[in-house]
Amino acid sequence: MTSPESIPDFVRASGSYRDPEGFVFFQGDRVFRALTKDGLASYHDFRQSPLSQWLEEEDWITRTWETDSASAGGIAAKFPEIIGVIEQSRIPFISYPYEWSFDMLKDAALHTLDLLLHSGQYGFTLKDATTYNIQFFGRRPIFIDILSMAKYVPGTPWAGYTQFCQQFLFPLALTAHRGVPFQHFLRSYPEGIPLHVMKPLLGGLGWRKAGMFKHVILQSFFQTGFQADNPALKSNFQTLKFSLDHVTALVRAMKKIITQLSSSSPKSHWAGYSENRSYTAPEVEAKQRFVEKHLQDIQPSSVWDLGCNTGEFSLIARKYADLVIAADADPESVNRLYRHCRENGISEILPLVLDVTNPSPGLGWNNLERQGFLDRGKPTVVFMLALLHHLCFTHNVPFEYIFNLLQVIEAEYVILEFVPKSDPMVKKLLANREDVYPWYTLSAFESEAFKHFSLVDRHELPTGKRVLYCLKRRGH
Amino acid sequence: MRKTIGAFLIGIILVEPDYALAYIDPSAGGLLVQILLGGIAGIGVLVKLYWGKLTKLFRKEKNDKP
């Protein structure tokens, strides 16, 4: 009897347990789906339809292929219900909806709806409508859950309707209509914003906005009104002769609502930062040259640009690395960068809403369903440009903690900017508060840095205030 | 059609219960929205469901009397 321990590198995806037709597992860098009899039949149905070829060619879904029975053997021996294994192309970096900007979630929503509309033409539908079935690969969303594609059964509703509302429509509407960033809500509610939470958040007049009366007020009313009776409703869809036409009409109406939503968050302080910052044009150029020179030397496979703002340096990094994670806590800055990448066909940058002082933790069952940000990859290079002083003065983070984080990240190289207290930006940060940071000195910074990293290069910017470092982790 | 739906919606909003945490399948509300959007026949199904609730309410009150 083969056990998973004896199957080389077998790791079952901890978040893959809901679908009875199969589950995802990894072996090294490769991603597989183990399928039950029903799962395999459903997969064959889908593969035999011209729909699957079209969706793959257009990069709407990840590519999948059946693997030979030998590699499936070990799995089938341990899991008797599994009779087939398919492999699927790997996404370079998994991201979650609570890390996406407004237009990323909106594009993911539209992709899900377009997939439903297109599949409907071939008699197929999606069994669910979760944000976790979408990933960002290249510059646009891609659907990764092939098992969600199923033949539509006449007399059944749009199965993912409520899930779509809670995971896509409600968070987008919250930002569009109320100016509240949705990211923290989706982190707290991994299944999406529940109806009973969305309804009060919508506010007194929110029901007047397109689709809100129907999808929030009415749905909530029905939900609460029938909770005690819990009537069997399924048969009504047969009585009503519900068909793909009905589902398509609902999906089209939803698409119209989503299309109209736009981010209305208050004007971001950070999104205009690169225009308002304190240094001069020659300084900016010197900084760009420094970054570019070292990227040329290092030839990184991946770069994490922490505190990326609108991504000025990520846009340089993408010339040298296949994957650039551009992370910033400000959703509006990240959204700007996403739109820039989308409009200019830039596929190497994955912009994410992420606060360095509070990165996404492990979430869901056992805290393992959704991995914490820091567990999802190891970059070759980390940028911390114009970030250090914000961490130290706004968040009171000591130098020691910053280098500890860089150790945890296991970055081979760090390109970092030291901003002295004499800098106008730091003066602004300290304008209304006591300077309790006697430890914030260049020499203290260097002594902490060189405990863990060796110096590759050090460059004082023309005005002689800010200092750029390229550091290499010791032992590498 | 629009007027029928409008009148029906106003009717049910007037008798909306207070919120209480829903223990049932969270998509029940979603199924009912879809039934309603199924057209006149869908409204018929909903009226039937609400009629059942209403009569049950009266039956309960009768039984409550000593």
# chains A, B, ... in the order shown; residues from 1 in each chain; ligands from 1
$ interface_residues --of "chain A" --to "chain B" --cutoff "9 Å" --atoms "only C-alpha atoms" --output "NGL selection string"
:A and (157-163 or 194-196 or 214-215 or 218-231 or 233-234 or 236-237 or 239-240 or 242 or 246-247 or 250)
$ select_by_dssp --residues "segment 213-412 of chain A" --states "alpha helix (DSSP H)" --output "PyMOL selection string"
chain A and resi 219-225+234-239+244-260+273-276+281-298+312-317+331-343+388-389+395+399-409
$ residues_around --residues "segment 373-378 of chain A" --least-positions-apart "2" --cutoff "7 Å" --atoms "only C-alpha atoms" --output "PyMOL selection string"
chain A and resi 359-361+371+380+409-411
$ residues_around --residues "Gln53 of chain A" --least-positions-apart "4" --cutoff "12 Å" --atoms "only C-alpha atoms" --output "count of residues only"
14
$ residues_around --residues "Arg474 of chain A" --least-positions-apart "5" --cutoff "9 Å" --atoms "only C-alpha atoms" --output "NGL selection string"
:A and (412 or 450-454)
$ residues_around --residues "Ile94 of chain A" --least-positions-apart "5" --cutoff "12 Å" --atoms "only C-alpha atoms" --output "short mmCIF file (atom, residue, chain, number, x, y, z; two decimals) with N, CA, C and O atoms, in the first residue's frame"
data_model
loop_
_atom_site.label_atom_id
_atom_site.label_comp_id
_atom_site.auth_asym_id
_atom_site.auth_seq_id
_atom_site.Cartn_x
_atom_site.Cartn_y
_atom_site.Cartn_z
N GLU A 99 -5.78 41.01 -1.33
CA GLU A 99 -4.54 41.71 -1.71
C GLU A 99 -4.70 42.41 -3.05
O GLU A 99 -3.74 43.00 -3.56
N TRP A 100 -5.88 42.31 -3.64
CA TRP A 100 -6.09 42.92 -4.95
C TRP A 100 -6.60 44.35 -4.80
O TRP A 100 -7.24 44.71 -3.81
N TYR A 132 -11.40 32.82 -5.24
CA TYR A 132 -10.18 31.99 -5.14
C TYR A 132 -9.97 31.13 -6.39
O TYR A 132 -8.95 30.48 -6.51
N ASN A 133 -10.96 31.11 -7.29
CA ASN A 133 -10.77 30.41 -8.56
C ASN A 133 -10.08 31.28 -9.60
O ASN A 133 -9.85 30.86 -10.72
N ILE A 134 -9.81 32.50 -9.23
CA ILE A 134 -9.15 33.43 -10.15
C ILE A 134 -7.75 33.75 -9.62
O ILE A 134 -7.57 33.96 -8.43
N GLN A 135 -6.80 33.78 -10.53
CA GLN A 135 -5.46 34.25 -10.18
C GLN A 135 -5.03 35.26 -11.24
O GLN A 135 -5.62 35.31 -12.32
N PHE A 136 -4.00 36.02 -10.90
CA PHE A 136 -3.48 36.96 -11.88
C PHE A 136 -2.20 36.40 -12.47
O PHE A 136 -1.23 36.13 -11.76
N PHE A 137 -2.25 36.17 -13.75
CA PHE A 137 -1.12 35.58 -14.45
C PHE A 137 -0.90 36.44 -15.68
O PHE A 137 -1.80 36.60 -16.49
N PRO A 141 -6.64 38.44 -15.41
CA PRO A 141 -7.06 37.31 -14.58
C PRO A 141 -7.19 36.03 -15.39
O PRO A 141 -7.47 36.07 -16.58
N ILE A 142 -6.99 34.93 -14.70
CA ILE A 142 -7.13 33.63 -15.34
C ILE A 142 -7.87 32.70 -14.36
O ILE A 142 -7.69 32.81 -13.15
N ILE A 144 -8.62 29.21 -12.60
CA ILE A 144 -7.72 28.08 -12.35
C ILE A 144 -8.43 26.79 -11.94
O ILE A 144 -7.78 25.76 -11.82
N LEU A 323 9.29 38.04 -12.58
CA LEU A 323 8.19 38.28 -11.65
C LEU A 323 8.56 39.40 -10.69
O LEU A 323 9.58 39.33 -9.99
N ILE A 325 6.80 41.47 -7.60
CA ILE A 325 5.66 41.71 -6.72
C ILE A 325 5.77 43.16 -6.26
O ILE A 325 6.72 43.52 -5.56
N LEU A 350 3.11 41.96 -10.66
CA LEU A 350 1.86 41.63 -9.94
C LEU A 350 1.69 42.66 -8.83
O LEU A 350 2.37 42.60 -7.81
N PRO A 351 0.82 43.66 -9.03
CA PRO A 351 0.63 44.67 -7.98
C PRO A 351 -0.27 44.10 -6.88
O PRO A 351 -1.28 43.47 -7.18
N LEU A 352 0.10 44.31 -5.62
CA LEU A 352 -0.71 43.79 -4.51
C LEU A 352 -0.85 44.83 -3.40
O LEU A 352 0.10 45.56 -3.11
N ARG A 370 -5.35 29.51 3.22
CA ARG A 370 -4.73 30.57 2.41
C ARG A 370 -3.41 30.90 3.08
O ARG A 370 -3.39 31.30 4.24
N GLN A 371 -2.34 30.75 2.33
CA GLN A 371 -1.02 30.95 2.92
C GLN A 371 -0.75 32.41 3.26
O GLN A 371 -1.24 33.31 2.56
N GLY A 372 0.04 32.61 4.28
CA GLY A 372 0.49 33.96 4.60
C GLY A 372 1.37 34.47 3.46
O GLY A 372 1.97 33.68 2.75
N PHE A 373 1.42 35.77 3.31
CA PHE A 373 2.18 36.35 2.19
C PHE A 373 3.63 35.90 2.20
O PHE A 373 4.19 35.52 1.17
N LEU A 374 4.24 35.90 3.40
CA LEU A 374 5.67 35.62 3.48
C LEU A 374 6.00 34.16 3.18
O LEU A 374 7.16 33.80 2.99
N ASP A 375 4.96 33.31 3.18
CA ASP A 375 5.20 31.87 2.91
C ASP A 375 5.04 31.52 1.44
O ASP A 375 5.16 30.36 1.06
N ARG A 376 4.71 32.51 0.62
CA ARG A 376 4.34 32.18 -0.76
C ARG A 376 5.46 32.30 -1.78
O ARG A 376 5.24 32.15 -2.96
N GLY A 377 6.65 32.58 -1.33
CA GLY A 377 7.74 32.67 -2.29
C GLY A 377 8.96 33.31 -1.67
O GLY A 377 8.88 33.89 -0.57
#
$ atom_distance --atom1 "atom CA of Asn344 of chain A" --atom2 "atom CA of Arg140 of chain A"
11.8 Å
$ select_by_dssp --residues "segment 221-363 of chain A" --states "strand (DSSP E)" --output "PyMOL selection string"
chain A and resi 302-306+323-328+349-353
$ atom_distance --atom1 "atom CA of Asp457 of chain A" --atom2 "atom CA of Ala444 of chain A"
17.8 Å
$ residues_around --residues "Gln296 of chain A" --least-positions-apart "2" --cutoff "10 Å" --atoms "only C-alpha atoms" --output "ChimeraX atom specification"
/A:291-294,298-300,317,319-321
